Structure formats: structure tokens, C-alpha cells
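These notes are about the structure you will find just below.
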Amino acid sequence: MIPKVRKAVFPAAGLGTRFLPATKAMPKEMLPLVDKPLIQYGVEEAIHSGMNNIIIVTGRGKSAIEDHFDVSFELEQMLEARQKKDLLASVRSVSDLIDVFYVRQKEALGLGHAVLRAKEMVANEAFSVVLSDDVIDAEIPCLRQLHDIYEFYGCSVLALMEVPPENISAYGVVDAEPVAHNGGSGRLYRIRNMVEKPNAADAPSNLAIIGRYILTPEIFHSVESIEPGRGGEIQLTDALKHLLRTRPVYGYKFEGTRYDAGDKLGFLKATVEFAMKRHDLGEPFREYLRSIQI
Ligand code: UTP
């Protein structure tokens with residue numbers, strides 16, 4: 001039987017240049033979507049997918065992430081004294097549920113390099129990778145959808161999304177053939193090749209890789225085997241291409257909506273959508289939106 005995936009790796013050591021100047025002193029992963037930092041959405045998704053073992057790859061200036069998942073005695077005492085039960089519960093729910101481990105990436109040498117930093121903590125088991133600026137709104141958590149495929153095939157699985165040609169050059173794009181699965185929902189692919197950020201004319205398909213992965217531990221050897229690629233960085237896509245030489249890799253067109261919250265416009269869209277869905281804020285926010293003239 002294929003063992004369940006228990007560990008989720010959160011690379012969070014990037015520089016966040018697309019969101020400057022907000023990210024000059026504050027990690028991108030701590031930008032709040034309504035009232036929770038981006039990384040918390042990802043952590044909750046991992047927990048709801050059965051992955052309670054959280055490994056965050058941090059860099060310089062990222063201590064706010066560690067503080068966020070730590071216990072804040074003074075704050076809890078103050079909320080308790082003032083009988084703010086709901087707020088106390090929301091603060092505790094962050095630190096209570098999970099074990100968080102941290103590992104440092106001293107220099108932002110690329111996503112592949114960041115994942116490699118987690119090698120010792122992950123050890124010899126399959127794990128997930130979550131890029132927390134990709135926020136996903138889905139009935140079944142995206143990681144769980146990937147995990148269902150992983151449990152069946154025991155191979156690495158990447159989350160895929162259809163992207164229009166004018167935006168395709170911002171993504172890693174796969175060349176893949178559809179695979180019938182569970183009576184065939186048309187969502188599963190076996191990946192033949194992948195290209196990082198191709199021009200629309202050279203893109204092998206309209207299927208882009210987004211920030212959720214389940215990876216088997218052989219990926220570490222692949223990361224160690226490759227040279228720096230695009231932008232002089234150790235790219236995860238290059239390591240996946242290396243892995244493809246010896247192992248099957250699957251892609252799954254997940255059900256749900258993904259927001260690129262590491263980008264200013266994507267972040268604004270996510271904020272509006274998430275605020276409208278909130279039971280406490282949705283109605284007054286909608287009312288406000290109706291009242292402004294667009
Ligand atoms: P991005 O491509 O979004 O890069 O990284 P970035 O530096 O965070 O942001 P921009 O593009 O400059 O605005 C994807 C994910 O990989 C992590 C980032 O923290 C982000 O979660 N990452 C990237 C690392 O942990 N280390 C790296 O060296 C590069």
C-alpha cells in the first residue's frame with residue numbers, strides 16, 4: 001500500500017519583487033487576504049488534506065512567519081482578560097493545530113534549491129510543495145485532489161490549470177497526454193515534457209503548472225543533478241524534467257479557482273472574491289461594491 005503524504009513544504013524564501021515596496025520589510029507570504037496571511041490559507045489546505053507536518057523554508061527578513069505560527073502569550077492573555085473568545089479562538093487555532101518546522105535558505109537561489117533545503121526533514125518519503133502565493137478556492141482542497149491521484153499511482157503529481165495564450169509565458173507549461181482515470185473525468189494527464197515560461201507560439205499546450213505539487217523523494221537527486229537554469233536559478237521545473245527521465249510524472253487539472261496573490265492584480269481579485277464569500281463581511285461588502293460607480 002502507498003503510504004499517505006504527511007509532510008508539506010512551503011518555500012517562502014523568495015524576494016517577492018512583484019509586490020514591492022510592500023515586501024521590502026514584510027514577507028509576501030504574510031500579506032493578509034481579508035484577515036489571514038496568505039501562508040495560512042496554504043497551511044489550512046495542507047491540514048485539510050491530511051498533511052499536518054509543515055516545513056517552511058524561510059530566508060532573511062522572514063521572522064514574521066515564525067512569529068505568526070508561534071504562541072503569543074501576551075496577546076492570548078489580553079484577549080482572555082477582555083473575554084474576546086472568538087478572537088482568542090482564531091489566534092489559538094493557528095498555533096494549536098500543527099507542528100511547524102523551519103529550515104533556512106540563505107540565498108534565494110531558486111525554487112528547486114528552496115525545496116532541496118527541506119531534504120533532511122522530508123527524508124525518504126513523498127511530500128507536497130505549496131507555493132502560498134497561489135491561493136486556491138476549492139470545495140475539495142487542491143492538495144487532497146492531488147493526493148487522491150498520488151495514492152492511486154504512487155508517482156509525483158502536479159496541479160495543472162488551463163491558461164489563455166496571452167498569459168502562458170508566465171508559467172511552466174506541460175506537454176502531456178490524457179489518461180483515463182476512474183471512468184475518465186478528463187482531468188488526469190501523463191506528462192511527456194515541460195517548458196518553463198515559453199512564448200505563446202512555442203507552448204506545447206495550454207496547461208500550466210501552478211503552485212501545488214506532490215513529489216516523490218527522488219526529486220532531491222534530480223535537483224542535485226541539474227545546473228542553474230533560467231535567471232541563474234535552480235529551477236524546480238528543470239528538476240522535474242530530469243525526474244521524468246526515470247519516473248512517470250502526472251498532472252491533474254484540479255477543480256477550483258486559483259488566484260495569483262503574489263501579483264498585485266491577482267491579489268486584489270482574490271481579496272474581493274474572498275471578502276464576498278465571508279459570512280460576516282459578504283453582505284455589507286457587496287452593498288458597498290454596488291454603491292460605487294464603476
Ligand atoms: P516566485 O517565482 O513567486 O518568486 O517564487 P518570488 O521571489 O517569491 O516573487 P517575485 O516573483 O520576485 O515577486 C515562487 C515561490 O518560491 C519561493 C517563493 O517564496 C515563492 O513561494 N522561492 C523562490 C524560494 O523559497 N526561494 C527562492 O530562491 C525562490
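Please note that chains go A, B, ... in the order of the C-alpha cells, that every chain numbers its residues from 1, and that ligands are numbered from 1 in the order shown.
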
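DSSP secondary structure from the backbone places Asp99, Val100, Phe101, Tyr102, Val103 and Arg104 of chain A of segment 87-117 of chain A in strand (DSSP E).
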
Environment of ligand 1 within 7 Å, counting only C-alpha atoms and all ligand atoms, reported as a ChimeraX atom specification: /A:10-19,57-58,105,107-111,113-114,131-133,262-263

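The shell of residues at most 12 Å from Asp70 of chain A, with only C-alpha atoms counted and near chain neighbours (fewer than 4 positions) removed, consists of Ser63, Ala64, Ile65, Glu66, Glu74, Leu75, Glu76, Val91, Arg92, Ser93, Val94, Ser95, Asp96, Leu97, Ile98, Asp99, Val100, Phe101 and Tyr102 of chain A.
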
Residues near Pro178 of chain A, cut-off 7 Å, only C-alpha atoms, skip fewer than 6 positions along chain, as a PyMOL selection string: chain A and resi 186+188-190

Limited to all heavy atoms, could you put the picked residues into a file as an mmCIF file, in the first residue's frame?
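Ended up saving to part11.cif:
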```cif
data_model
loop_
_atom_site.group_PDB
_atom_site.id
_atom_site.type_symbol
_atom_site.label_atom_id
_atom_site.label_comp_id
_atom_site.auth_asym_id
_atom_site.auth_seq_id
_atom_site.Cartn_x
_atom_site.Cartn_y
_atom_site.Cartn_z
ATOM 1 N N GLY A 186 -11.389 13.318 -17.579
ATOM 2 C CA GLY A 186 -10.672 14.230 -18.472
ATOM 3 C C GLY A 186 -9.754 15.189 -17.735
ATOM 4 O O GLY A 186 -9.367 16.208 -18.288
ATOM 5 N N LEU A 188 -6.907 14.012 -15.790
ATOM 6 C CA LEU A 188 -5.577 13.470 -15.496
ATOM 7 C C LEU A 188 -4.737 13.337 -16.770
ATOM 8 O O LEU A 188 -5.241 12.937 -17.819
ATOM 9 C CB LEU A 188 -5.727 12.094 -14.824
ATOM 10 C CG LEU A 188 -4.416 11.453 -14.369
ATOM 11 C CD1 LEU A 188 -3.763 12.275 -13.263
ATOM 12 C CD2 LEU A 188 -4.655 10.031 -13.876
ATOM 13 N N TYR A 189 -3.453 13.704 -16.632
ATOM 14 C CA TYR A 189 -2.525 13.647 -17.755
ATOM 15 C C TYR A 189 -1.245 12.967 -17.326
ATOM 16 O O TYR A 189 -0.818 13.113 -16.183
ATOM 17 C CB TYR A 189 -2.165 15.066 -18.235
ATOM 18 C CG TYR A 189 -3.344 15.809 -18.802
ATOM 19 C CD1 TYR A 189 -4.251 16.461 -17.955
ATOM 20 C CD2 TYR A 189 -3.562 15.853 -20.178
ATOM 21 C CE1 TYR A 189 -5.351 17.135 -18.463
ATOM 22 C CE2 TYR A 189 -4.655 16.530 -20.699
ATOM 23 C CZ TYR A 189 -5.549 17.164 -19.836
ATOM 24 O OH TYR A 189 -6.628 17.824 -20.345
ATOM 25 N N ARG A 190 -0.625 12.283 -18.277
ATOM 26 C CA ARG A 190 0.749 11.825 -18.032
ATOM 27 C C ARG A 190 1.662 12.806 -18.762
ATOM 28 O O ARG A 190 1.470 13.080 -19.951
ATOM 29 C CB ARG A 190 0.914 10.402 -18.553
ATOM 30 C CG ARG A 190 2.331 9.964 -18.398
ATOM 31 C CD ARG A 190 2.460 8.550 -17.974
ATOM 32 N NE ARG A 190 3.879 8.210 -17.976
ATOM 33 C CZ ARG A 190 4.320 7.007 -17.979
ATOM 34 N NH1 ARG A 190 3.482 5.984 -17.976
ATOM 35 N NH2 ARG A 190 5.619 6.765 -17.977
#
```

Lys7 of chain A environment, 7 Å, only C-alpha atoms, sequence neighbours closer than 5 positions dropped, as an MDAnalysis selection string: chainID A and resid 51:54 122 127:128

Test item, helix (DSSP H, G or I) assignment across segment 79-201 of chain A, answer as a PyMOL selection string: chain A and resi 79-81+85-96+111-116+119-122+142-153+165-170+200-201
